[in-house]
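Trainee: Sharing a structure, written as structure tokens. Questions coming.
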Amino acid sequence: MSRLILGRLAWGLLTLWLVSVLVFAGTELLPGDVAAAILGQNATPESLAALREELGLNAPALQRYVAWLLGFLHGDLGESLANRTPVAELLWPRFGNTMALAAYAAVVAVPLAVTLGILSAVRRGSLFDRGANVIALATVSLPEYFLGLLLILLLSVRTGLLPSLANTYEGMGFLAWLQATTLPMIVLTLVTVAQIMRMTRTAVLGVMDQPFIEMAYLKGLRNGRVVLRHAVPNAAAPIVNVVAFNIAYLITGVVLVEAVFNYNGLGRFMVDAVSKRDLPMVQGAAMVFAAVYVLLNMTADIAAIALNPRLRHPRAKEA
Amino acid sequence: MSAPRDSVLAIRDLRVVAPNGAVLVDGISLDLPRGEILGLIGESGAGKSTIGLAAMGYGRGGCRIAGGRIELAGTELTASSRPVREAMRGARIAYVAQSAAAAFDPAMRLDRQILETPLQHGLMSAAEARDWMVELFRALQLPDPEGFGRRYPHQVSGGQLQRAMMAMAMSGKPDVLVLDEPTTALDVTTQVEVLALLRDTIRRYGTSALYITHDLAVVAQLADRLMVLRHGREVESGTTAEVLESPREDYTRRLVAERRESLAPAAGVRHDAGETVLDLRNVDAGYGGSLVLQDVSLSVRRGETLAVVGESGSGKSTLARLVAGLLPPARGVVDFRGRPLPGSYRDRDLAGLKSIQMIYQLPDVALNPRQTVGEAIGRPLAFYRGLRGAARREEVARLLALIGLPGDFADRLPGALSGGQNQRVCIARALAAEPDLLICDEVTSALDPLIAEDILRLLRRLQDELGMTYLFITHDLSVVRRLADRTVVMQKGRIVEEGPTATLFETPRAAYTRTLLDSVPELRRDWLDGVLARRVR
């Protein structure tokens, strides 16, 4: 089993390296020129050339890539081209904000979705099952920004229950933070619950058709125990997978939600960086997003391996 | 209800209906006295499992008990609430399934699954339940009774797992066991041990049992009484001796006759075999690093049947895959009609592919469910013989007639056919290529005895009429006896004995062959004791 896990880790690292190549190449291909973007209207050919030289843009791409990657490995994300501060200083606080919102949404969405999925599997075909499915499908079908605006209208403008903007600041109280971020959290929950729920339902249903579930019923076990002790553990691998996938989405796919609620997260940070042609900032943010994505999916793969009893408890070697 | 006083399970006029309205069981009444074993006999679809499950107040796949009464240990089940039925299951009546590998939760240790019954029902303290489990493990002769429960299902052998399931059923000290083909999935030599242990355990603890099986010889060893079922109705019932020795109904007589014939001495099938078609010399083959076949040499001559018998893990199916080109040999020589046969089917030319065809164990799986019978048979006609249009249709009709199916079956889908009919279609599909060698891999194992007999008769007729050559892979010695000119016995990837079938059955030389022959259940009620006595010696 450890060989399998090590293999998965190696693949994860390889993926990250490929991502770094893509990110670097992608930012190279961005239209426009950083020096031109910085100097704007005042650019003269001489000042452009001087700035390019100063920023090291004239070196060959490969050399710049290697320097950038080495710096990255040491935690040095470079300097922002726009205001000459280290990217790390600007990036990590925003990343922390994104992680906090994702964690808030995950803490609500994952247990809710898994529970709903299990319940609708157990009551297959019931009113509850069909109702949950329809609502879930409706929420994934609506775009996030529309959901966000709808909720702002209902919960903020009409009723004044929650603030419409997720303004957070350093040293904010926990409860105040929760109140400020509840609306975006609800939007994120609504868009992730559906997929996790439906995947959980399918996985549990697949197991419920197995003979060992019938055997559990024939042992006189109550429904709850059959589902929680026998069905769910055997459906865990696909559930873990879809949960990891959705948490990754909560972190990397929140640009629109951050924009709607004016939340100070990494998604907005990256959008700003792209519009300013601030390449080190774009590269840093892209690498962080990619790393989160790869790490979470790798974790899910490893969890799926670790959850398989055949791999966890191998047969004794036979002669 | 006028059940006898000592009856622990009494069923009256039971009627079970499927969700689509089909009546699965109708008008069944039975009494199970304490300590007795009642055998429920019948082919698939006879309703025997349905009755067993109904006795537990359970309907599989949405089937429901539509009429009648079931009284279990003084409680009427059909009228009782779900909690009452749940309280009875496991505690008063317990189930032993055909496949232990499927009936155990793969993600839970054996002891936790076995202790679940007594603990969840609050029948014993944890310590008592554990002691009882270990006692059962000991009675069932499982290795290391104290530590056996720590293992996961995949960590023990098939025979051990089947016994562990028996322990799981007994863990709540039930009054009644429902044994649903408990040894059918086992190898014959393993079956003997498990049968003996089942019988001893049931006797030792005075448990009653419904023993569900299609195998008369197996049930004859255990049951006090038998009930023969067909299409959900009782055909006849009586003591085991009565039913086996003087069956009243024609259907029962046919069942008994089929079993007796399968046990008759080898008929001495002998074809005038022609030149050697297939020749294997010192072949090794395997998956990954491990060899499944070692030093296998055999030859098949035109017009004869060579049977390859062995238990699971003997390498017999690997041998079939090797000849079919699905698994290239690691070492050795394979000649076909005097020329070397490429190891992989990819390297064989059209004529080579055409000349070796295969029939599988599960006809329903071997046919594309969305292809009509005519398309299934027509494809090899077009692929190998280039037949098109009317010529192909004619040939399909001829092949259907040859295997004994009406011509209009060409437009039907496999789902509309029975298992036996589908197997006939598979045979026709193989014949369509006009092969020199037909590999038959357990082709009758999934069929009911009477249907299997029909298929064997068909294969024999085809051999007589067309001079077919068969490489017949099976674990069923009674099939070998009736069909094969020569027999090869395999064990753990090696050939242990080879010879003309009649000789091999009369005077087996290898010890393993003797054990194998000895393990085939016979209708005599003292057969099991005899085998056990011989084994101890």
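In the structure tokens, the first chain shown is A, the next is B, and so on; residue numbers restart at 1 for each chain, and ligands run from 1 in the order shown.
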Hey, could you make a per-residue contact list for chain A against chain B with 8 Å as the cut-off, showing the nearest pair of atoms and its distance in Å to one decimal, counting only C-alpha atoms, sorted by chain and number, as a Markdown table?
Mentor:
| residue | atom | partner | partner_atom | distance |
| --- | --- | --- | --- | --- |
| A:Gln210 | CA | B:Ala102 | CA | 7.4 |
| A:Pro211 | CA | B:Ala103 | CA | 5.3 |
| A:Phe212 | CA | B:Ala103 | CA | 4.0 |
| A:Ile213 | CA | B:Ala103 | CA | 7.7 |
| A:Glu214 | CA | B:Ala103 | CA | 7.9 |
| A:Met215 | CA | B:Ala103 | CA | 5.9 |
| A:Tyr217 | CA | B:Glu86 | CA | 7.9 |
| A:Leu218 | CA | B:Arg89 | CA | 5.8 |
| A:Lys219 | CA | B:Gly90 | CA | 4.2 |
| A:Gly220 | CA | B:Glu86 | CA | 4.3 |
| A:Leu221 | CA | B:Glu86 | CA | 6.7 |
| A:Arg222 | CA | B:Glu86 | CA | 7.1 |
| A:His230 | CA | B:Asp105 | CA | 6.5 |
| A:Pro233 | CA | B:Ala107 | CA | 7.0 |
| A:Asn234 | CA | B:Ala107 | CA | 6.5 |
| A:Asn308 | CA | B:Ala107 | CA | 7.5 |
| A:Pro309 | CA | B:Ala107 | CA | 5.5 |
| A:Arg310 | CA | B:His154 | CA | 6.8 |
| A:His313 | CA | B:Tyr152 | CA | 7.6 |
| A:Pro314 | CA | B:Gln155 | CA | 7.2 |
| A:Arg315 | CA | B:Gln155 | CA | 5.0 |
| A:Ala316 | CA | B:Gln155 | CA | 7.4 |
Trainee: Please, could you write that set of residues out with N, CA and C atoms as a compact mmCIF listing (two decimals), in the first residue's frame?
Mentor:
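Wrote out.txt, looks like this:
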# COMPACT_ATOMS: atom_id res chain seq x y z
N GLN A 210 -25.87 -4.51 -2.73
CA GLN A 210 -24.95 -5.63 -2.52
C GLN A 210 -25.56 -6.67 -1.59
N PRO A 211 -25.21 -7.95 -1.80
CA PRO A 211 -25.76 -8.99 -0.94
C PRO A 211 -25.45 -8.79 0.55
N PHE A 212 -24.29 -8.19 0.88
CA PHE A 212 -23.99 -8.08 2.31
C PHE A 212 -24.91 -7.10 3.02
N ILE A 213 -25.54 -6.20 2.26
CA ILE A 213 -26.53 -5.31 2.87
C ILE A 213 -27.80 -6.11 3.17
N GLU A 214 -28.20 -6.97 2.23
CA GLU A 214 -29.36 -7.83 2.50
C GLU A 214 -29.08 -8.70 3.72
N MET A 215 -27.84 -9.21 3.78
CA MET A 215 -27.48 -10.04 4.93
C MET A 215 -27.61 -9.25 6.23
N TYR A 217 -29.66 -6.83 6.85
CA TYR A 217 -31.09 -6.74 7.18
C TYR A 217 -31.59 -8.09 7.72
N LEU A 218 -31.08 -9.18 7.14
CA LEU A 218 -31.52 -10.50 7.58
C LEU A 218 -30.97 -10.84 8.96
N LYS A 219 -29.96 -10.09 9.42
CA LYS A 219 -29.50 -10.26 10.79
C LYS A 219 -30.39 -9.48 11.75
N GLY A 220 -31.38 -8.79 11.21
CA GLY A 220 -32.31 -8.05 12.06
C GLY A 220 -31.78 -6.69 12.49
N LEU A 221 -30.77 -6.18 11.78
CA LEU A 221 -30.23 -4.86 12.14
C LEU A 221 -31.21 -3.78 11.70
N ARG A 222 -31.23 -2.70 12.48
CA ARG A 222 -32.11 -1.60 12.12
C ARG A 222 -31.52 -0.83 10.94
N HIS A 230 -22.62 -0.36 7.46
CA HIS A 230 -22.28 -1.28 6.37
C HIS A 230 -22.26 -0.60 5.01
N PRO A 233 -19.48 3.02 4.90
CA PRO A 233 -18.02 2.77 4.82
C PRO A 233 -17.59 2.20 3.47
N ASN A 234 -18.47 1.41 2.85
CA ASN A 234 -18.10 0.83 1.56
C ASN A 234 -18.32 1.79 0.40
N ASN A 308 -9.48 1.27 1.39
CA ASN A 308 -9.75 -0.06 0.84
C ASN A 308 -9.19 -1.13 1.78
N PRO A 309 -10.09 -1.93 2.38
CA PRO A 309 -9.60 -2.90 3.37
C PRO A 309 -8.65 -3.92 2.77
N ARG A 310 -8.82 -4.22 1.48
CA ARG A 310 -7.92 -5.19 0.86
C ARG A 310 -6.49 -4.68 0.80
N HIS A 313 -5.28 -4.21 4.74
CA HIS A 313 -4.97 -5.46 5.44
C HIS A 313 -4.71 -6.55 4.41
N PRO A 314 -3.52 -6.56 3.84
CA PRO A 314 -3.26 -7.54 2.79
C PRO A 314 -3.29 -8.95 3.36
N ARG A 315 -3.59 -9.90 2.47
CA ARG A 315 -3.54 -11.31 2.85
C ARG A 315 -2.12 -11.65 3.24
N ALA A 316 -2.02 -12.60 4.13
CA ALA A 316 -0.68 -13.10 4.45
C ALA A 316 -0.12 -13.72 3.18
Trainee: Residues at most 8 Å from B:Asp448, counting only C-alpha atoms, excluding those fewer than 6 positions away in the same chain, as a list in words?
Mentor: Glu43, Ser44 and His214 of chain B
Trainee: Neighbouring residues of B:Gln423 were defined as those with any atom within 9 Å, considering only C-alpha atoms; residues of the same chain fewer than 3 positions away were excluded. Please report them as a ChimeraX atom specification.
Mentor: /B:359-364,366,418-420,426-428,443-444,455
Trainee: Store the residues of this selection in a file with N, CA and C atoms, as a CSV table (one decimal), in the first residue's frame.
Mentor:
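And here is the file that came out, part-v1.csv:
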chain,number,residue,atom,x,y,z
B,359,ILE,N,-17.1,-21.4,-25.8
B,359,ILE,CA,-18.4,-21.2,-25.2
B,359,ILE,C,-18.2,-21.0,-23.7
B,360,TYR,N,-18.9,-20.0,-23.1
B,360,TYR,CA,-18.6,-19.6,-21.7
B,360,TYR,C,-19.6,-20.2,-20.7
B,361,GLN,N,-19.3,-19.9,-19.4
B,361,GLN,CA,-20.1,-20.4,-18.3
B,361,GLN,C,-21.5,-19.7,-18.3
B,362,LEU,N,-21.4,-18.3,-18.4
B,362,LEU,CA,-22.6,-17.5,-18.2
B,362,LEU,C,-23.1,-17.0,-19.6
B,363,PRO,N,-24.1,-17.7,-20.2
B,363,PRO,CA,-24.6,-17.3,-21.5
B,363,PRO,C,-25.2,-15.9,-21.5
B,364,ASP,N,-25.8,-15.5,-20.4
B,364,ASP,CA,-26.5,-14.2,-20.4
B,364,ASP,C,-25.5,-13.1,-20.5
B,366,ALA,N,-22.4,-13.6,-21.9
B,366,ALA,CA,-21.6,-13.8,-23.1
B,366,ALA,C,-22.3,-13.2,-24.3
B,418,SER,N,-34.5,-18.0,-22.0
B,418,SER,CA,-34.1,-18.6,-20.8
B,418,SER,C,-32.5,-18.8,-20.8
B,419,GLY,N,-32.0,-19.2,-19.7
B,419,GLY,CA,-30.5,-19.4,-19.6
B,419,GLY,C,-30.1,-20.6,-20.5
B,420,GLY,N,-30.9,-21.6,-20.6
B,420,GLY,CA,-30.6,-22.8,-21.4
B,420,GLY,C,-30.7,-22.4,-22.9
B,426,CYS,N,-25.3,-19.4,-27.8
B,426,CYS,CA,-23.9,-19.3,-27.7
B,426,CYS,C,-23.2,-20.5,-28.5
B,427,ILE,N,-23.8,-21.6,-28.4
B,427,ILE,CA,-23.2,-22.8,-29.1
B,427,ILE,C,-23.4,-22.5,-30.6
B,428,ALA,N,-24.6,-22.0,-31.1
B,428,ALA,CA,-24.8,-21.8,-32.5
B,428,ALA,C,-23.8,-20.7,-33.0
B,443,VAL,N,-19.6,-24.9,-19.3
B,443,VAL,CA,-20.8,-24.4,-20.0
B,443,VAL,C,-22.1,-24.8,-19.4
B,444,THR,N,-22.1,-25.8,-18.5
B,444,THR,CA,-23.3,-26.2,-17.8
B,444,THR,C,-23.4,-25.8,-16.4
B,455,ILE,N,-28.3,-29.6,-22.6
B,455,ILE,CA,-27.2,-28.9,-23.3
B,455,ILE,C,-26.1,-30.0,-23.6
Trainee: Can you pull out the residues contacting B:Ile65? Cut-off 10 Å, using only C-alpha atoms, and skip same-chain residues under 4 positions away; I want them as a PyMOL selection string.
Mentor: chain B and resi 14-18+24-25+50-51+54+57-59+69-70+78
Trainee: Would you work out the distance separating atom CA of A:Ala273 from atom CA of A:Thr181, expressed in Å to one decimal?
Mentor: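 These two atoms are separated by 23.5 Å.
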Trainee: One decimal, Å: what's the distance from atom CA of B:Ile356 over to atom CA of B:Pro435, could you say?
Mentor: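 Taking atom CA of B:Ile356 as the start and atom CA of B:Pro435 as the end point, the length is 5.4 Å.
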Trainee: Within 9 Å of A:Pro238, counting only C-alpha atoms, which residues qualify if same-chain residues fewer than 5 places away don't, as a list of chain:residue names?
Mentor: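 Result of the neighbour search: A:Met199, A:Thr200, A:Ala203, A:Val243, A:Ala300, A:Ala304.
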Trainee: Might you pull out every residue within 8 Å of A:Leu183, with only C-alpha atoms counted and same-chain residues fewer than 6 positions away left off, and present them as a list in words?
Mentor: Gly148, Leu151, Ile152, Leu162, Pro163, Ser164 and Ala166 of chain A
Trainee: Using only C-alpha atoms, determine which residues lie at most 8 Å from stretch 319-327 of chain B, disregarding the query and same-chain residues fewer than 3 positions distant; provide the list as a list in words.
Mentor: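 Residues near the query, excluding close chain neighbours: Ala285, Gly286, Leu293, Gly315, Lys316, Pro342, Gly343, Ser344, Tyr345, Arg346, Ile356, Gln357, Met358, Ile439, Asp441 and Ile473 of chain B.
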Trainee: Let me see the file: selected residues, N, CA and C atoms, as a PDB file, in the first residue's frame.
Mentor:
ATOM      1  N   ALA B 285       2.453 -20.930 -17.918  1.00  0.00           N
ATOM      2  CA  ALA B 285       1.792 -19.651 -18.177  1.00  0.00           C
ATOM      3  C   ALA B 285       1.342 -19.069 -16.849  1.00  0.00           C
ATOM      4  N   GLY B 286       1.181 -17.752 -16.823  1.00  0.00           N
ATOM      5  CA  GLY B 286       0.754 -17.134 -15.574  1.00  0.00           C
ATOM      6  C   GLY B 286       0.509 -15.659 -15.738  1.00  0.00           C
ATOM      7  N   LEU B 293       0.002 -22.082 -14.649  1.00  0.00           N
ATOM      8  CA  LEU B 293       0.157 -23.382 -15.306  1.00  0.00           C
ATOM      9  C   LEU B 293       1.633 -23.756 -15.286  1.00  0.00           C
ATOM     10  N   GLY B 315      -6.095 -24.030 -12.412  1.00  0.00           N
ATOM     11  CA  GLY B 315      -5.507 -23.542 -13.656  1.00  0.00           C
ATOM     12  C   GLY B 315      -6.268 -23.969 -14.888  1.00  0.00           C
ATOM     13  N   LYS B 316      -7.436 -24.613 -14.706  1.00  0.00           N
ATOM     14  CA  LYS B 316      -8.149 -25.141 -15.879  1.00  0.00           C
ATOM     15  C   LYS B 316      -8.695 -24.029 -16.770  1.00  0.00           C
ATOM     16  N   PRO B 342       0.290 -19.032 -32.675  1.00  0.00           N
ATOM     17  CA  PRO B 342       0.755 -17.797 -32.029  1.00  0.00           C
ATOM     18  C   PRO B 342       0.135 -17.650 -30.642  1.00  0.00           C
ATOM     19  N   GLY B 343       0.921 -17.153 -29.695  1.00  0.00           N
ATOM     20  CA  GLY B 343       0.473 -17.082 -28.305  1.00  0.00           C
ATOM     21  C   GLY B 343      -0.699 -16.150 -28.098  1.00  0.00           C
ATOM     22  N   SER B 344      -0.681 -15.020 -28.821  1.00  0.00           N
ATOM     23  CA  SER B 344      -1.758 -14.060 -28.629  1.00  0.00           C
ATOM     24  C   SER B 344      -2.720 -14.093 -29.802  1.00  0.00           C
ATOM     25  N   TYR B 345      -4.014 -13.966 -29.530  1.00  0.00           N
ATOM     26  CA  TYR B 345      -5.011 -13.973 -30.606  1.00  0.00           C
ATOM     27  C   TYR B 345      -4.729 -12.862 -31.620  1.00  0.00           C
ATOM     28  N   ARG B 346      -4.021 -11.804 -31.184  1.00  0.00           N
ATOM     29  CA  ARG B 346      -3.730 -10.683 -32.085  1.00  0.00           C
ATOM     30  C   ARG B 346      -2.820 -11.125 -33.230  1.00  0.00           C
ATOM     31  N   ILE B 356     -10.656 -21.888 -33.749  1.00  0.00           N
ATOM     32  CA  ILE B 356     -10.833 -22.150 -32.321  1.00  0.00           C
ATOM     33  C   ILE B 356     -11.930 -21.230 -31.803  1.00  0.00           C
ATOM     34  N   GLN B 357     -13.011 -21.792 -31.323  1.00  0.00           N
ATOM     35  CA  GLN B 357     -14.108 -20.995 -30.776  1.00  0.00           C
ATOM     36  C   GLN B 357     -14.363 -21.401 -29.328  1.00  0.00           C
ATOM     37  N   MET B 358     -15.071 -20.526 -28.627  1.00  0.00           N
ATOM     38  CA  MET B 358     -15.217 -20.764 -27.194  1.00  0.00           C
ATOM     39  C   MET B 358     -16.668 -20.550 -26.763  1.00  0.00           C
ATOM     40  N   ILE B 439     -13.814 -24.797 -27.409  1.00  0.00           N
ATOM     41  CA  ILE B 439     -13.474 -24.790 -25.984  1.00  0.00           C
ATOM     42  C   ILE B 439     -14.758 -24.545 -25.207  1.00  0.00           C
ATOM     43  N   ASP B 441     -16.042 -23.832 -21.582  1.00  0.00           N
ATOM     44  CA  ASP B 441     -15.552 -23.487 -20.248  1.00  0.00           C
ATOM     45  C   ASP B 441     -16.717 -23.475 -19.259  1.00  0.00           C
ATOM     46  N   ILE B 473     -13.737 -27.846 -20.276  1.00  0.00           N
ATOM     47  CA  ILE B 473     -13.205 -27.435 -18.978  1.00  0.00           C
ATOM     48  C   ILE B 473     -14.337 -27.488 -17.958  1.00  0.00           C
TER      49      ILE B 473
END
Trainee: Check the DSSP output for the backbone and give back, as a PyMOL selection string, the residues of stretch 162-316 of chain A in alpha helix (DSSP H).
Mentor: chain A and resi 174-208+211-218+223-225+232-234+236-252+255-260+266-275+279-307+309-312
Trainee: Step one, run DSSP on the backbone; step two, keep only residues of stretch 114-277 of chain B assigned to strand (DSSP E or B); then write them as an MDAnalysis selection string.
Mentor: chainID B and resid 176:180 208:213 225:230 233:239 276:277
